[in-house]
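The structure under discussion appears below in the form of structure tokens.
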Amino acid sequence: MYKQEIKVMDCTVRDGGLMNKWQFSDDFVRAVYNACVEAGVDYMEIGYLSSEKAFDRKVYGPWKFCHQKDLQRIVGKNETNLKLSAMADIGRIELDDIPFASESLLDMIRVACYVHQVDKAIALAHHCMDKGYEVCINLMAVSTVNEHELDEALKDIAASRVPVFYAVDSFGSMYVESVQHLVRKYMNALPGKEIGIHAHNNMQMAMSNTYTAVMEGCTMLDATLLGLGRGAGNCPIEILIAFLKNPKYRLLPLLQVIQDYVHPMQKDIDWGYHIPYLISGALNRHPRRSLEWMDSDQKNDFVTFMKEMHDNEVLE
């Protein structure tokens, strides 16, 4: 399974922060960083770049913003081979919030958008490139996009300078056939560009879908420690590293940080396999309602949740 061109990105803090508003301790974030360094992981997505006009620092932790002082506190000068990334959502960041790469510890900015925002995503990505960053675009909720809309978006991406484009299963609803079709479409429409995969695990397909994407030519692979991420979580990085058989990666440091920090968090955060997350994935729906359900005293009333989701789907 060894493929030299593959690069792995750990998204534990960024995606996992969706479950606790990025209120991680410094010890936790530093432990994830150190484990990624020791494990030979290529990128660590340490959080979001967000405008404080859009989000309150009293509510959200530092990794919703990734200020330089917070990055320095965790990684020092980051004199390692691990590159740091942050995600920027269209509409939640202003151009002036993004420093020049020469003044930042971040190496990459990943622009997240929906299909109707692709033009804005390209403009933001080009802006980040001009400031010296590596960039890519993550097109979210692609399982809800019709073929014509996607074809038009891909034409715009193809004409852009953006070098990396991600297949994103935002709702964890896709199967291997869907991923195969999507990645082939991306590869054919975007010659010369690198394709990545970001999989959610609502249907317990995140690793299978990542494997399928690799077989189809994806070389940027997202994963998280113990699958920690929004709702059902993501492709577990420990499974991915064990699968890749690449001598540059080491599994033991990842298992150590899981044992010491991530696994104990399961007592307080309900990510992973839970029926409400399965239901939203099966219906190809955003997990926001399932997240609300999991925070209620009805979290184990699966039948009522299924009926509610089905009734809402009919109404929509």
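Letters A, B, ... go to the chains of the structure tokens in the order shown; residues in each chain start at 1; ligands are counted from 1 in the same order.
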Determine which residues of stretch 11-145 of chain A receive a DSSP assignment of strand (DSSP E or B), computed from the backbone, and state them as a list in words.
Tyr43, Met44, Glu45, Ile46, Gly47, Tyr48, Lys83, Leu84, Ser85, Ala86, Met87, Ala88, Asp89, Met108, Ile109, Arg110, Val111, Ala112, Cys113, Glu134, Val135, Cys136, Ile137, Asn138 and Leu139 of chain A
Residues flagged helix (DSSP H, G or I) by DSSP in stretch 127-236 of chain A, as a VMD selection string
chain A and resid 127 to 130 142 to 144 147 to 158 176 to 189 206 to 215 225 to 227
How would the residues just picked look written out with C-alpha atoms as a PDB file, in the first residue's frame?
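Result file again.pdb:
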```
ATOM      1  CA  HIS A 127      -5.613  35.991  -1.795  1.00  0.00           C
ATOM      2  CA  CYS A 128      -4.012  33.474   0.568  1.00  0.00           C
ATOM      3  CA  MET A 129      -1.667  32.242  -2.146  1.00  0.00           C
ATOM      4  CA  ASP A 130      -0.587  35.825  -2.801  1.00  0.00           C
ATOM      5  CA  VAL A 142     -21.164  17.651  -2.257  1.00  0.00           C
ATOM      6  CA  SER A 143     -23.602  14.759  -1.725  1.00  0.00           C
ATOM      7  CA  THR A 144     -26.420  17.302  -2.109  1.00  0.00           C
ATOM      8  CA  GLU A 147     -24.228  17.105 -11.528  1.00  0.00           C
ATOM      9  CA  HIS A 148     -24.741  20.321 -13.514  1.00  0.00           C
ATOM     10  CA  GLU A 149     -23.883  22.545 -10.542  1.00  0.00           C
ATOM     11  CA  LEU A 150     -20.828  20.445  -9.796  1.00  0.00           C
ATOM     12  CA  ASP A 151     -19.639  20.515 -13.408  1.00  0.00           C
ATOM     13  CA  GLU A 152     -19.894  24.322 -13.446  1.00  0.00           C
ATOM     14  CA  ALA A 153     -17.985  24.577 -10.169  1.00  0.00           C
ATOM     15  CA  LEU A 154     -15.253  22.286 -11.466  1.00  0.00           C
ATOM     16  CA  LYS A 155     -14.817  24.460 -14.557  1.00  0.00           C
ATOM     17  CA  ASP A 156     -14.147  27.418 -12.285  1.00  0.00           C
ATOM     18  CA  ILE A 157     -11.717  25.434 -10.146  1.00  0.00           C
ATOM     19  CA  ALA A 158      -9.912  24.164 -13.248  1.00  0.00           C
ATOM     20  CA  VAL A 176     -17.568   3.662  -2.060  1.00  0.00           C
ATOM     21  CA  GLU A 177     -19.359   3.817  -5.427  1.00  0.00           C
ATOM     22  CA  SER A 178     -20.240   7.474  -4.808  1.00  0.00           C
ATOM     23  CA  VAL A 179     -16.684   8.300  -3.776  1.00  0.00           C
ATOM     24  CA  GLN A 180     -15.295   6.480  -6.793  1.00  0.00           C
ATOM     25  CA  HIS A 181     -17.588   8.433  -9.132  1.00  0.00           C
ATOM     26  CA  LEU A 182     -16.790  11.740  -7.433  1.00  0.00           C
ATOM     27  CA  VAL A 183     -13.024  11.336  -7.388  1.00  0.00           C
ATOM     28  CA  ARG A 184     -12.963  10.200 -11.018  1.00  0.00           C
ATOM     29  CA  LYS A 185     -14.996  13.269 -11.937  1.00  0.00           C
ATOM     30  CA  TYR A 186     -12.579  15.515 -10.061  1.00  0.00           C
ATOM     31  CA  MET A 187      -9.521  13.859 -11.584  1.00  0.00           C
ATOM     32  CA  ASN A 188     -10.891  14.180 -15.115  1.00  0.00           C
ATOM     33  CA  ALA A 189     -12.028  17.789 -14.679  1.00  0.00           C
ATOM     34  CA  ALA A 206     -15.058   6.825   6.412  1.00  0.00           C
ATOM     35  CA  MET A 207     -12.069   4.476   6.209  1.00  0.00           C
ATOM     36  CA  SER A 208     -13.516   2.512   3.279  1.00  0.00           C
ATOM     37  CA  ASN A 209     -14.252   5.735   1.442  1.00  0.00           C
ATOM     38  CA  THR A 210     -10.743   7.041   2.140  1.00  0.00           C
ATOM     39  CA  TYR A 211      -9.272   3.762   0.878  1.00  0.00           C
ATOM     40  CA  THR A 212     -11.388   4.031  -2.286  1.00  0.00           C
ATOM     41  CA  ALA A 213     -10.232   7.606  -2.821  1.00  0.00           C
ATOM     42  CA  VAL A 214      -6.600   6.507  -2.506  1.00  0.00           C
ATOM     43  CA  MET A 215      -7.157   3.765  -5.081  1.00  0.00           C
ATOM     44  CA  LEU A 225      -7.319  10.678  16.369  1.00  0.00           C
ATOM     45  CA  LEU A 226      -9.865   8.031  17.385  1.00  0.00           C
ATOM     46  CA  GLY A 227     -12.106   9.604  14.738  1.00  0.00           C
TER      47      GLY A 227
END
```
Using only C-alpha atoms, what table do you get, as JSON lines, when you list each residue of stretch 44-143 of chain A with an atom no more than 12 Å from stretch 25-38 of chain A, its nearest pair of atoms, and their distance in Å rounded to one decimal, rows by chain then rising number?
```
{"residue": "A:Met44", "atom": "CA", "partner": "A:Cys36", "partner_atom": "CA", "distance": 7.2}
{"residue": "A:Glu45", "atom": "CA", "partner": "A:Tyr33", "partner_atom": "CA", "distance": 9.6}
{"residue": "A:Ile46", "atom": "CA", "partner": "A:Val29", "partner_atom": "CA", "distance": 8.0}
{"residue": "A:Gly47", "atom": "CA", "partner": "A:Val29", "partner_atom": "CA", "distance": 10.2}
{"residue": "A:Gly61", "atom": "CA", "partner": "A:Ser25", "partner_atom": "CA", "distance": 9.2}
{"residue": "A:Pro62", "atom": "CA", "partner": "A:Asp26", "partner_atom": "CA", "distance": 9.7}
{"residue": "A:Trp63", "atom": "CA", "partner": "A:Val29", "partner_atom": "CA", "distance": 9.3}
{"residue": "A:Cys66", "atom": "CA", "partner": "A:Val29", "partner_atom": "CA", "distance": 12.0}
{"residue": "A:Asp70", "atom": "CA", "partner": "A:Asp26", "partner_atom": "CA", "distance": 9.2}
{"residue": "A:Leu71", "atom": "CA", "partner": "A:Arg30", "partner_atom": "CA", "distance": 9.9}
{"residue": "A:Gln72", "atom": "CA", "partner": "A:Arg30", "partner_atom": "CA", "distance": 10.8}
{"residue": "A:Arg73", "atom": "CA", "partner": "A:Asp26", "partner_atom": "CA", "distance": 8.3}
{"residue": "A:Ile74", "atom": "CA", "partner": "A:Arg30", "partner_atom": "CA", "distance": 5.5}
{"residue": "A:Val75", "atom": "CA", "partner": "A:Arg30", "partner_atom": "CA", "distance": 7.1}
{"residue": "A:Gly76", "atom": "CA", "partner": "A:Arg30", "partner_atom": "CA", "distance": 10.3}
{"residue": "A:Asn78", "atom": "CA", "partner": "A:Val37", "partner_atom": "CA", "distance": 9.7}
{"residue": "A:Glu79", "atom": "CA", "partner": "A:Val37", "partner_atom": "CA", "distance": 10.2}
{"residue": "A:Thr80", "atom": "CA", "partner": "A:Val37", "partner_atom": "CA", "distance": 7.0}
{"residue": "A:Asn81", "atom": "CA", "partner": "A:Val37", "partner_atom": "CA", "distance": 7.2}
{"residue": "A:Leu82", "atom": "CA", "partner": "A:Val37", "partner_atom": "CA", "distance": 5.8}
{"residue": "A:Lys83", "atom": "CA", "partner": "A:Val37", "partner_atom": "CA", "distance": 9.3}
{"residue": "A:Leu84", "atom": "CA", "partner": "A:Tyr33", "partner_atom": "CA", "distance": 9.3}
{"residue": "A:Ser85", "atom": "CA", "partner": "A:Tyr33", "partner_atom": "CA", "distance": 11.8}
```
Mind checking which residues fall within 8 Å of stretch 291-301 of chain A, counting only C-alpha atoms, ignoring those fewer than 6 positions away in the same chain, and posting them as a list in words?
Gly231, Asp270, Pro276 and Tyr277 of chain A
Surrounding residues of A:Pro163 excluding itself and chain neighbours under 6 positions, 10 Å, only C-alpha atoms, as an MDAnalysis selection string:
chainID A and resid 125 134:137 157 190 192:195
Just give me the gap between atom CA of A:Leu228 and atom CA of A:Tyr261 in Å, one decimal is fine.
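Calculated distance between atom CA of A:Leu228 and atom CA of A:Tyr261 is 11.5 Å.
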Calculated over only C-alpha atoms, which of the candidates A:His274, A:Lys248, A:Arg285, A:Lys267 has the smallest distance to A:Glu5?
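Of all the options, A:Lys248 lies closest to A:Glu5.
Distances from A:Leu49, A:Ile197, A:Leu95, A:Ile239 to A:Leu221 were compared using only C-alpha atoms, and the smallest one belongs to A:Ile197.
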Please, what distance in Å, to one decimal, runs between atom CA of A:Ala86 and atom CA of A:Gly17?
12.4 Å
Of the residues A:Met9, A:Asp169, A:Pro247, A:His126, which is the one nearest to A:Val41, using only C-alpha atoms?
A:Met9
Can you tell me, as a tab-separated table (two decimals) with N, CA and C atoms, in the first residue's frame, what residues are no more than 10 Å from stretch 303-307 of chain A when counting only C-alpha atoms, ignoring any on the same chain fewer than 5 positions away?
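part23.tsv, freshly written:
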```
chain	number	residue	atom	x	y	z
A	275	ILE	N	-26.74	6.23	17.01
A	275	ILE	CA	-27.85	6.06	16.07
A	275	ILE	C	-28.33	7.39	15.47
A	276	PRO	N	-28.49	8.47	16.25
A	276	PRO	CA	-28.93	9.73	15.62
A	276	PRO	C	-27.99	10.20	14.50
A	278	LEU	N	-26.17	8.16	12.64
A	278	LEU	CA	-26.45	7.23	11.55
A	278	LEU	C	-27.67	7.69	10.75
A	279	ILE	N	-28.72	8.10	11.46
A	279	ILE	CA	-29.97	8.48	10.78
A	279	ILE	C	-29.75	9.69	9.88
A	280	SER	N	-29.05	10.71	10.38
A	280	SER	CA	-28.81	11.89	9.53
A	280	SER	C	-27.96	11.51	8.32
A	283	LEU	N	-30.08	9.66	5.72
A	283	LEU	CA	-30.99	10.56	5.02
A	283	LEU	C	-30.26	11.66	4.25
A	289	ARG	N	-29.29	18.60	13.49
A	289	ARG	CA	-30.41	18.15	14.31
A	289	ARG	C	-30.02	16.93	15.16
A	290	SER	N	-29.20	16.07	14.59
A	290	SER	CA	-28.76	14.91	15.38
A	290	SER	C	-27.86	15.35	16.53
A	293	TRP	N	-30.15	16.52	19.16
A	293	TRP	CA	-30.82	15.38	19.78
A	293	TRP	C	-29.90	14.69	20.79
A	298	GLN	N	-33.55	13.01	25.30
A	298	GLN	CA	-34.14	11.99	24.43
A	298	GLN	C	-33.10	11.28	23.56
A	312	ASN	N	-39.83	15.66	8.72
A	312	ASN	CA	-39.25	16.91	8.25
A	312	ASN	C	-38.78	16.81	6.81
A	313	GLU	N	-38.26	15.63	6.44
A	313	GLU	CA	-37.81	15.41	5.07
A	313	GLU	C	-38.99	15.50	4.11
```
